[in-house]
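**Student:** A single structure is presented below for examination.
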Amino acid sequence: GGPRFNQFLESDNRDELFIARYNKDKDESELRINFSTISPEGPNGLPGDLDGTTGLPNGKDKFVVGFTQEASYKPILQVNNNGKVGIVSGEIGFVPKNLLHVKGTSSGLATDKASHLVMIENTNTGGANSLAIIHSGITGSGSTISAKNNFVTFMIGQIVIGEIEGNNGTIGSTGGVRYKTGGGDYAEYLEKTDYTETIEKGDIVGVDDSGMITKDTSNAQQFLVKSTSAAVAGNWPGENKEGYELIAFFGQVKIKVRGPVNTGDYIVPSGMNDGTGIAVAISDINTSKHKDKIIGRAWESSSVMTVKKIHAAVGFGFGLPSLQEEMQSLENLEQEMVALKKESIDLKSHFDSILEKQDEDIQKLMNEVSAIKKR
């Protein structure tokens, strides 16, 4: 063991700077680069290399790889003595905030690999595993995966817009992760009948028997609405989405509605083929001509007569055949009850007539008996 070769460099701030080959063990060697020597206190009462709060290295000593441009040294790779590593595109004054901090500017087509800030490329041709996020402090069956276990955080600036976190379940049973986002519906891309037709968020669309959509609902087989803020977008046609719209299948959306709406009303197409709907009260839907055109159910009220967007729930089977069949069954029962009521009235009338005739016959017989007694 021990160093086999070393080269010391002069330092202006008492740090021992060297590069050395170190034989750690048999057939095991290291190339060591030392850029910082940690001291609790510096000479002549100057501060040392430790953070006064954490007691850990303060990160002020750095190993930096970079380039010089216009008399300015710009970093590319930076390793701080507190263990934090940064990769940056030449930003002067960059300080890594994490054990690994990558910072740069990147934009362009999503299909262009070079337009992404970070790329992980796995060349394995079968069963490739590219990224693992491990919380190794949680072990053993029965341990709880708390929601405080945040596996991935999505942010815009300082604002959190989504997370993948623990679901408060237990390992070996219900434990897993859940995805959190502000989006409120599951949606899929559906192709438009007419690529030039404009379909806006909240517009009601009709789906034909081939699965294509249009705002003309007159011959539709099913009725849906364009998503306002999807949490999941399925049936993705690729980067070129021309001719497709993101349509909500399940969840919460804002639907364009004409006229007054009460909480709990059903939303159906207005018939104007302009993407708008109208509200139908639950008490009226069973006998309404719209009962097989239900899109969703209003979760808010409005007395505004003009078109506005109403918060509604969609995809809960309101317009599916099963519900329509149940409504048809209710309607059939109502018709049967009406028929039975009429039959009951007819039977009562019939028996009343028989009883009346019977009373007449009894009275006639009694009159004859009375006449015989008088003889």
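Here, A, B, ... name the chains of the structure tokens in the order displayed, residue numbers run from 1 inside each chain, and ligands are numbered from 1 in the same displayed order.
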Enumerate, as a count of residues only, the complete set of residues in stretch 9-202 of chain A that a backbone-based DSSP assignment places in strand (DSSP E or B).

**Tutor:** 76

**Student:** Quick check, in Å to one decimal: how far apart do atom CA of A:Lys84 and atom CA of A:Ile33 lie?

**Tutor:**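 It comes out at 15.8 Å.
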
**Student:** Give me the residues of stretch 252-345 of chain A that have any atom at most 8 Å from an atom of stretch 219-237 of chain A; for each, the nearest atom pair and the distance in Å, rounded to one decimal. Use only C-alpha atoms, sort by chain and number, and format it as JSON lines.

**Tutor:**
```
{"residue": "A:Val253", "atom": "CA", "partner": "A:Thr228", "partner_atom": "CA", "distance": 5.8}
{"residue": "A:Lys254", "atom": "CA", "partner": "A:Thr228", "partner_atom": "CA", "distance": 6.3}
{"residue": "A:Ile255", "atom": "CA", "partner": "A:Val225", "partner_atom": "CA", "distance": 6.9}
{"residue": "A:Pro269", "atom": "CA", "partner": "A:Phe223", "partner_atom": "CA", "distance": 7.9}
{"residue": "A:Lys293", "atom": "CA", "partner": "A:Phe223", "partner_atom": "CA", "distance": 6.5}
{"residue": "A:Ile294", "atom": "CA", "partner": "A:Phe223", "partner_atom": "CA", "distance": 7.3}
{"residue": "A:Ile295", "atom": "CA", "partner": "A:Phe223", "partner_atom": "CA", "distance": 5.8}
{"residue": "A:Gly319", "atom": "CA", "partner": "A:Gln222", "partner_atom": "CA", "distance": 7.7}
```

**Student:** Could you pull the residues within 9 Å of A:Phe316, counting only C-alpha atoms, minus those fewer than 5 positions along the same chain, as a list in words?

**Tutor:**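 So, after excluding close chain neighbours, the residues are Phe250, Gly251 and Gly296 of chain A.
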
**Student:** Looking at only C-alpha atoms, which of A:Ser283, A:Gln335, A:Ser130, A:Asn262 is the one that sits closest to A:Val304?

**Tutor:**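 Using only C-alpha atoms, A:Val304 sits closest to A:Asn262.
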
**Student:** Between atom CA of A:Phe63 and atom CA of A:Thr105, measure the distance and give it in Å to one decimal.

**Tutor:** 22.9 Å

**Student:** Please report the interatomic distance between atom CA of A:Ala128 and atom CA of A:Ser115 in Å with one decimal.

**Tutor:** 23.3 Å

**Student:** Determine which residues of stretch 71-301 of chain A receive a DSSP assignment of helix (DSSP H, G or I), computed from the backbone, and state them as an NGL selection string.

**Tutor:** :A and (113-115 or 282-285)

**Student:** Next, dump the selected residues to file, keeping only N, CA and C atoms, as a JSON list (two decimals), in the first residue's frame.

**Tutor:**
```
[["chain", "number", "residue", "atom", "x", "y", "z"],
["A", 113, "LYS", "N", -32.61, 14.27, -29.57],
["A", 113, "LYS", "CA", -31.91, 13.91, -28.34],
["A", 113, "LYS", "C", -31.07, 15.06, -27.80],
["A", 114, "ALA", "N", -30.50, 15.84, -28.70],
["A", 114, "ALA", "CA", -29.60, 16.91, -28.29],
["A", 114, "ALA", "C", -30.33, 18.08, -27.63],
["A", 115, "SER", "N", -31.66, 18.11, -27.71],
["A", 115, "SER", "CA", -32.40, 19.22, -27.13],
["A", 115, "SER", "C", -32.77, 18.99, -25.67],
["A", 282, "ILE", "N", -82.33, 16.35, -12.64],
["A", 282, "ILE", "CA", -82.40, 14.90, -12.46],
["A", 282, "ILE", "C", -83.84, 14.39, -12.47],
["A", 283, "SER", "N", -84.76, 15.24, -12.01],
["A", 283, "SER", "CA", -86.17, 14.84, -11.98],
["A", 283, "SER", "C", -86.78, 14.76, -13.37],
["A", 284, "ASP", "N", -86.11, 15.40, -14.34],
["A", 284, "ASP", "CA", -86.66, 15.43, -15.71],
["A", 284, "ASP", "C", -85.93, 14.50, -16.66],
["A", 285, "ILE", "N", -84.79, 13.99, -16.26],
["A", 285, "ILE", "CA", -83.95, 13.26, -17.21],
["A", 285, "ILE", "C", -84.57, 11.94, -17.64]]
```

**Student:** Can you tell me, as a list of chain:residue names, what residues are no more than 9 Å from stretch 166-168 of chain A when counting only C-alpha atoms, ignoring any on the same chain fewer than 5 positions away?

**Tutor:**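 These residues fall inside the cut-off: A:Thr144, A:Ile145, A:Ser146, A:Ala147, A:Lys148, A:Asn149, A:Asn150, A:Phe151, A:Thr174, A:Gly175, A:Gly176, A:Val177, A:Arg178, A:Tyr179.
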
**Student:** Which is closest to A:Glu239 among A:Thr217, A:Gln69, A:Lys60, A:Ala110, if we use only C-alpha atoms?

**Tutor:**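 Residue with the minimum atom-to-atom distance to A:Glu239: A:Ala110.
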
**Student:** Using only C-alpha atoms, which of the listed residues (A:Glu242, A:Leu99, A:Gly317, A:Glu360) sits closest to A:Val85?

**Tutor:**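 Closest to A:Val85 of all the choices is A:Leu99.
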
**Student:** Need the shell around A:Ile213: protein/DNA/RNA residues with any atom at most 10 Å away, counting only C-alpha atoms. Skip same-chain ones fewer than 3 positions apart. Format as a list in words?

**Tutor:**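 Once the adjacent positions are removed, what remains is Leu190, Glu191, Lys192, Thr193, Asp194, Ile199, Ile204, Val205, Gly206, Val207, Asp208, Asp209, Ser210, Asp216, Thr217, Ala220, Gln222, Phe223, Leu224, Val225, Tyr244, Glu245 and Ile247 of chain A.
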
**Student:** Include C-alpha atoms and write out the residues we just selected as a CSV table (one decimal), in the first residue's frame.

**Tutor:**
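To be explicit, this is the file written out as out-v1.csv:
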```csv
chain,number,residue,atom,x,y,z
A,190,LEU,CA,-59.1,11.3,-30.8
A,191,GLU,CA,-58.9,12.2,-34.5
A,192,LYS,CA,-61.2,14.9,-35.9
A,193,THR,CA,-63.6,14.3,-38.7
A,194,ASP,CA,-62.6,17.6,-40.2
A,199,ILE,CA,-62.4,22.5,-31.0
A,204,ILE,CA,-68.8,19.1,-26.3
A,205,VAL,CA,-68.1,16.7,-29.2
A,206,GLY,CA,-69.9,13.8,-30.8
A,207,VAL,CA,-68.1,10.5,-31.5
A,208,ASP,CA,-69.1,8.6,-34.6
A,209,ASP,CA,-69.0,4.8,-35.0
A,210,SER,CA,-65.4,5.0,-36.2
A,216,ASP,CA,-71.8,18.3,-34.8
A,217,THR,CA,-73.6,15.9,-32.4
A,220,ALA,CA,-73.2,10.9,-32.8
A,222,GLN,CA,-71.4,8.9,-27.9
A,223,PHE,CA,-70.9,12.3,-26.4
A,224,LEU,CA,-67.7,13.6,-24.8
A,225,VAL,CA,-65.9,16.9,-24.0
A,244,TYR,CA,-56.3,15.3,-33.1
A,245,GLU,CA,-57.8,16.7,-29.9
A,247,ILE,CA,-60.8,14.4,-25.1
```

**Student:** Find the spatial neighbours of stretch 74-81 of chain A, counting only C-alpha atoms, within a cut-off of 7 Å - ignore same-chain residues fewer than 4 positions away - and output them as a PyMOL selection string.

**Tutor:** chain A and resi 36+57+59-68+85-92
